[in-house]
Every structure is written in structure tokens, then in C-alpha cells.
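Undergrad: Structure in C-alpha cells, see below.
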Amino acid sequence: MKADLGAAITKRALDYACSFDAYAREKIAELKPYAGEKRNVCLQAAIVVAALIQLERRDGAQDRESRHQGVVRSYAPAVAHRHIPVIQELCAALLSADASRWRADEIPSLAPLAASTDKDLIAALGAKLARAVTNKPVLGPAEQAIASAMGRSAWTSATMIVRRL
């Protein structure tokens, strides 16, 4: 059952990321120069992480490990090597931790983030996404617009996923 939860999170995150990508191509000029595939992978990872944070708030440690492993197992082996490290890098950035200490198939506890405000998490997700997509360590006005749009999209998409679960 919990593996199905992970699969549902991953599938819906992909759907929302693809939906955002179609919107972004048309409405967000700042994103046009950057590769769509990388945007999609990064946004899907952010939606997954945001959903796991929200589930951590709702459910606490109960079923955390099976929830996280369900997400990991939901990726086909052919793509897991691209997606799981992005999720881990995002978790490491948000937790101010070293991702190299985690197993290749591990998503760490996000409990320390559960007490953060939505506003802070949206900003942190957005900034990390903008840096990952643009490969720019410092965010100028254009990258700030990307950060804002992607952070809000990730958090809102995750909220919708969690409400459905």
C-alpha cells in the first residue's frame, strides 16, 4: 500500500511537472533558454520533495521509510539514476546536509523541514530549482522570476497531490 503511495506521488509529480513545462514554454520567457528535460526532472524532484515534507507534517514519522522507499522504487531502473540523485541533492540543499552520506536509494527524513513556513520552503525550493536549471550560483532578476514561478508551482502541485492521497 505504501509503495503505491510513493508511485502515486511520483506519477502525479511527473504529470504536474509536464503541465508546468507546457505553461512555462508559453508564458515564462525567462525559462525559454534552458533545457526542458532538465527543468522537468528538477521540477518533478521538487514536487516529490515538497509532497514528502507535507506528508511529514501530516503523518510525522509514521510510515516515513515505506513512503520514501515507495518513491524510490517507483522510478524505472532506466531513469532512477537521473532522478534519485536530483531528489537527494534537493534534500541536501534544504537540510543543509551532505548527500554523499546517503545510500543511492535513500531519501532522508525531512522532519527538520516540517516546521518551516510554506513561504520559506517555497523560496528555498525555487532558489534551488533556478540554480539547477540555469547553472548560475547567483540569481539575478531573470533567475529570481524563474525561482518564484518554479517554487510556487512545486509547492502548489505537492499540496494538490497530498490532498488527494
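Labels for the C-alpha cells follow display order: chains A, B, ..., residues from 1 in each chain, ligands from 1.
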Please, which residues in segment 38-87 of chain A fall within 10 Å of segment 14-31 of chain A when counting only C-alpha atoms, and what is the closest atom pair and distance in Å to one decimal for each, ordered by chain then residue number, as JSON lines?

TA:
{"residue": "A:Arg39", "atom": "CA", "partner": "A:Asp21", "partner_atom": "CA", "distance": 7.5}
{"residue": "A:Asn40", "atom": "CA", "partner": "A:Ala17", "partner_atom": "CA", "distance": 5.6}
{"residue": "A:Val41", "atom": "CA", "partner": "A:Ala17", "partner_atom": "CA", "distance": 7.9}
{"residue": "A:Cys42", "atom": "CA", "partner": "A:Ala17", "partner_atom": "CA", "distance": 8.7}
{"residue": "A:Leu43", "atom": "CA", "partner": "A:Ala17", "partner_atom": "CA", "distance": 5.7}
{"residue": "A:Gln44", "atom": "CA", "partner": "A:Ala17", "partner_atom": "CA", "distance": 5.4}
{"residue": "A:Ala45", "atom": "CA", "partner": "A:Leu14", "partner_atom": "CA", "distance": 8.7}
{"residue": "A:Ala46", "atom": "CA", "partner": "A:Ala17", "partner_atom": "CA", "distance": 9.3}
{"residue": "A:Ile47", "atom": "CA", "partner": "A:Ala17", "partner_atom": "CA", "distance": 7.9}
{"residue": "A:Val48", "atom": "CA", "partner": "A:Leu14", "partner_atom": "CA", "distance": 9.0}

Undergrad: With all heavy atoms retained, could you export that selection as a PDB file, in the first residue's frame?

TA:
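The new file part27.pdb reads:
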ATOM      1  N   ARG A  39      14.610  20.984 -16.725  1.00  0.00           N
ATOM      2  CA  ARG A  39      13.534  21.658 -15.971  1.00  0.00           C
ATOM      3  C   ARG A  39      12.554  20.636 -15.436  1.00  0.00           C
ATOM      4  O   ARG A  39      12.149  20.681 -14.284  1.00  0.00           O
ATOM      5  CB  ARG A  39      12.760  22.615 -16.886  1.00  0.00           C
ATOM      6  CG  ARG A  39      13.253  23.975 -16.985  1.00  0.00           C
ATOM      7  CD  ARG A  39      12.213  24.915 -17.599  1.00  0.00           C
ATOM      8  NE  ARG A  39      11.426  24.417 -18.694  1.00  0.00           N
ATOM      9  CZ  ARG A  39      11.622  24.746 -19.977  1.00  0.00           C
ATOM     10  NH1 ARG A  39      12.604  25.549 -20.317  1.00  0.00           N
ATOM     11  NH2 ARG A  39      10.833  24.279 -20.902  1.00  0.00           N
ATOM     12  N   ASN A  40      12.172  19.720 -16.297  1.00  0.00           N
ATOM     13  CA  ASN A  40      11.165  18.731 -15.946  1.00  0.00           C
ATOM     14  C   ASN A  40      11.655  17.828 -14.819  1.00  0.00           C
ATOM     15  O   ASN A  40      10.938  17.600 -13.843  1.00  0.00           O
ATOM     16  CB  ASN A  40      10.793  17.918 -17.188  1.00  0.00           C
ATOM     17  CG  ASN A  40       9.552  17.110 -16.989  1.00  0.00           C
ATOM     18  OD1 ASN A  40       9.532  16.200 -16.179  1.00  0.00           O
ATOM     19  ND2 ASN A  40       8.522  17.427 -17.734  1.00  0.00           N
ATOM     20  N   VAL A  41      12.877  17.308 -14.937  1.00  0.00           N
ATOM     21  CA  VAL A  41      13.432  16.425 -13.907  1.00  0.00           C
ATOM     22  C   VAL A  41      13.547  17.176 -12.576  1.00  0.00           C
ATOM     23  O   VAL A  41      13.171  16.660 -11.521  1.00  0.00           O
ATOM     24  CB  VAL A  41      14.798  15.855 -14.347  1.00  0.00           C
ATOM     25  CG1 VAL A  41      15.506  15.154 -13.188  1.00  0.00           C
ATOM     26  CG2 VAL A  41      14.624  14.897 -15.511  1.00  0.00           C
ATOM     27  N   CYS A  42      14.044  18.409 -12.637  1.00  0.00           N
ATOM     28  CA  CYS A  42      14.219  19.198 -11.408  1.00  0.00           C
ATOM     29  C   CYS A  42      12.880  19.533 -10.763  1.00  0.00           C
ATOM     30  O   CYS A  42      12.727  19.432  -9.542  1.00  0.00           O
ATOM     31  CB  CYS A  42      14.996  20.482 -11.707  1.00  0.00           C
ATOM     32  SG  CYS A  42      16.728  20.203 -12.108  1.00  0.00           S
ATOM     33  N   LEU A  43      11.907  19.911 -11.575  1.00  0.00           N
ATOM     34  CA  LEU A  43      10.606  20.266 -11.014  1.00  0.00           C
ATOM     35  C   LEU A  43       9.909  19.034 -10.453  1.00  0.00           C
ATOM     36  O   LEU A  43       9.308  19.097  -9.381  1.00  0.00           O
ATOM     37  CB  LEU A  43       9.726  20.967 -12.049  1.00  0.00           C
ATOM     38  CG  LEU A  43       8.395  21.480 -11.511  1.00  0.00           C
ATOM     39  CD1 LEU A  43       8.590  22.461 -10.351  1.00  0.00           C
ATOM     40  CD2 LEU A  43       7.600  22.151 -12.631  1.00  0.00           C
ATOM     41  N   GLN A  44      10.006  17.903 -11.153  1.00  0.00           N
ATOM     42  CA  GLN A  44       9.401  16.688 -10.611  1.00  0.00           C
ATOM     43  C   GLN A  44      10.025  16.353  -9.259  1.00  0.00           C
ATOM     44  O   GLN A  44       9.312  16.023  -8.308  1.00  0.00           O
ATOM     45  CB  GLN A  44       9.559  15.514 -11.571  1.00  0.00           C
ATOM     46  CG  GLN A  44       8.878  14.251 -11.043  1.00  0.00           C
ATOM     47  CD  GLN A  44       9.116  13.022 -11.893  1.00  0.00           C
ATOM     48  OE1 GLN A  44       9.996  12.988 -12.738  1.00  0.00           O
ATOM     49  NE2 GLN A  44       8.322  11.989 -11.644  1.00  0.00           N
ATOM     50  N   ALA A  45      11.342  16.468  -9.152  1.00  0.00           N
ATOM     51  CA  ALA A  45      12.016  16.195  -7.883  1.00  0.00           C
ATOM     52  C   ALA A  45      11.521  17.146  -6.796  1.00  0.00           C
ATOM     53  O   ALA A  45      11.269  16.727  -5.662  1.00  0.00           O
ATOM     54  CB  ALA A  45      13.534  16.324  -8.050  1.00  0.00           C
ATOM     55  N   ALA A  46      11.372  18.417  -7.132  1.00  0.00           N
ATOM     56  CA  ALA A  46      10.913  19.400  -6.147  1.00  0.00           C
ATOM     57  C   ALA A  46       9.484  19.109  -5.698  1.00  0.00           C
ATOM     58  O   ALA A  46       9.160  19.268  -4.520  1.00  0.00           O
ATOM     59  CB  ALA A  46      11.014  20.808  -6.723  1.00  0.00           C
ATOM     60  N   ILE A  47       8.643  18.681  -6.609  1.00  0.00           N
ATOM     61  CA  ILE A  47       7.263  18.348  -6.253  1.00  0.00           C
ATOM     62  C   ILE A  47       7.257  17.132  -5.328  1.00  0.00           C
ATOM     63  O   ILE A  47       6.529  17.101  -4.326  1.00  0.00           O
ATOM     64  CB  ILE A  47       6.402  18.116  -7.513  1.00  0.00           C
ATOM     65  CG1 ILE A  47       6.270  19.408  -8.315  1.00  0.00           C
ATOM     66  CG2 ILE A  47       5.027  17.568  -7.133  1.00  0.00           C
ATOM     67  CD1 ILE A  47       5.699  19.235  -9.718  1.00  0.00           C
ATOM     68  N   VAL A  48       8.073  16.130  -5.646  1.00  0.00           N
ATOM     69  CA  VAL A  48       8.169  14.944  -4.794  1.00  0.00           C
ATOM     70  C   VAL A  48       8.624  15.344  -3.394  1.00  0.00           C
ATOM     71  O   VAL A  48       8.019  14.958  -2.389  1.00  0.00           O
ATOM     72  CB  VAL A  48       9.123  13.890  -5.409  1.00  0.00           C
ATOM     73  CG1 VAL A  48       9.498  12.810  -4.395  1.00  0.00           C
ATOM     74  CG2 VAL A  48       8.507  13.268  -6.648  1.00  0.00           C
TER      75      VAL A  48
END

Undergrad: Write down as a PyMOL selection string the residues of segment 4-159 of chain A whose backbone DSSP state falls under helix (DSSP H, G or I).

TA: chain A and resi 4-27+29-31+36-59+64-74+77-95+99-101+111-113+118-134+141-159

Undergrad: I'd like the neighbourhood of Val71 of chain A as a PyMOL selection string, where a residue qualifies if any of its atoms comes within 9 Å (using only C-alpha atoms), though same-chain residues fewer than 6 positions away should be ignored.

TA: chain A and resi 3-10+48+107

Undergrad: Please produce, as a tab-separated table, a per-residue contact table for segment 107-133 of chain A versus segment 84-87 of chain A (criterion: any atom at most 12 Å away, only C-alpha atoms considered), showing the nearest atom pair and its distance in Å to one decimal, sorted by chain then residue number.

TA:
residue	atom	partner	partner_atom	distance
A:Ile107	CA	A:Ile87	CA	7.5
A:Pro108	CA	A:Ile87	CA	9.9
A:Leu110	CA	A:Ile87	CA	11.8
A:Leu125	CA	A:Ile87	CA	11.4
A:Lys128	CA	A:Val86	CA	10.8
A:Leu129	CA	A:Val86	CA	10.2
A:Ala132	CA	A:Val86	CA	9.4
A:Val133	CA	A:Val86	CA	11.5

Undergrad: With N, CA and C atoms retained, write the just-selected residues as a short mmCIF file (atom, residue, chain, number, x, y, z; two decimals), in the first residue's frame.

TA:
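See out-v4.cif below for the written result:
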data_model
loop_
_atom_site.label_atom_id
_atom_site.label_comp_id
_atom_site.auth_asym_id
_atom_site.auth_seq_id
_atom_site.Cartn_x
_atom_site.Cartn_y
_atom_site.Cartn_z
N ILE A 107 16.08 8.35 0.52
CA ILE A 107 15.59 9.71 0.68
C ILE A 107 15.57 9.95 2.18
N PRO A 108 16.28 10.96 2.65
CA PRO A 108 16.40 11.16 4.10
C PRO A 108 15.10 11.65 4.73
N LEU A 110 12.73 14.19 6.29
CA LEU A 110 12.53 15.62 6.06
C LEU A 110 11.86 16.27 7.27
N LEU A 125 12.93 26.07 -2.24
CA LEU A 125 12.75 25.19 -3.40
C LEU A 125 12.98 25.95 -4.70
N LYS A 128 16.72 26.82 -5.31
CA LYS A 128 17.48 25.63 -5.70
C LYS A 128 17.14 25.22 -7.13
N LEU A 129 15.86 25.27 -7.47
CA LEU A 129 15.44 24.92 -8.83
C LEU A 129 16.05 25.88 -9.85
N ALA A 132 19.70 25.15 -10.31
CA ALA A 132 19.91 23.89 -11.02
C ALA A 132 19.61 24.02 -12.50
N VAL A 133 18.53 24.69 -12.82
CA VAL A 133 18.12 24.82 -14.22
C VAL A 133 19.04 25.75 -15.00
#

Undergrad: Distance atom CA of Asn135 of chain A-atom CA of Leu94 of chain A, one decimal place?

TA: 17.6 Å

Undergrad: Which residue, A:Thr134, A:Gln88, A:Gln69, A:Gln54, has the smallest gap to Ala147 of chain A when you use only C-alpha atoms?

TA: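 Smallest separation from Ala147 of chain A among the options: A:Thr134.
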
Undergrad: Tell me, in Å to one decimal, how far atom CA of Ala104 of chain A is from atom CA of Cys91 of chain A.

TA: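 Interatomic distance, atom CA of Ala104 of chain A to atom CA of Cys91 of chain A: 13.2 Å.
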
Undergrad: Can you work out which one of A:Ser100, A:Val49, A:Lys119, A:Glu106 has the shortest atom-to-atom distance to Ser66 of chain A, counting only C-alpha atoms?

TA: A:Glu106

Undergrad: Rank nothing, just name the residue among A:Gln62, A:Ala130, A:Glu37, A:Arg12 nearest to Arg164 of chain A, using only C-alpha atoms.

TA: A:Arg12

Undergrad: So, with only C-alpha atoms as the atoms that count, which of A:Gly140, A:Arg152, A:Ala145, A:Ala50 lies closest to Leu90 of chain A?

TA: A:Ala50

Undergrad: Just the residues within 12 Å of segment 57-59 of chain A, please, counting only C-alpha atoms, with nothing from its chain fewer than 4 positions along; format it as a ChimeraX atom specification.

TA: /A:50-53,63-65,67,109-118,159,162-163,165

Undergrad: At what distance in Å, to one decimal, does atom CA of Gly36 of chain A lie from atom CA of Gly70 of chain A?

TA: 26.2 Å

Undergrad: Which residue is closest to Ser157 of chain A? Choose from A:Ala93, A:Arg101, A:Tyr34, A:Ile122 and count only C-alpha atoms.

TA: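 For Ser157 of chain A, the nearest of the given residues is A:Ile122.
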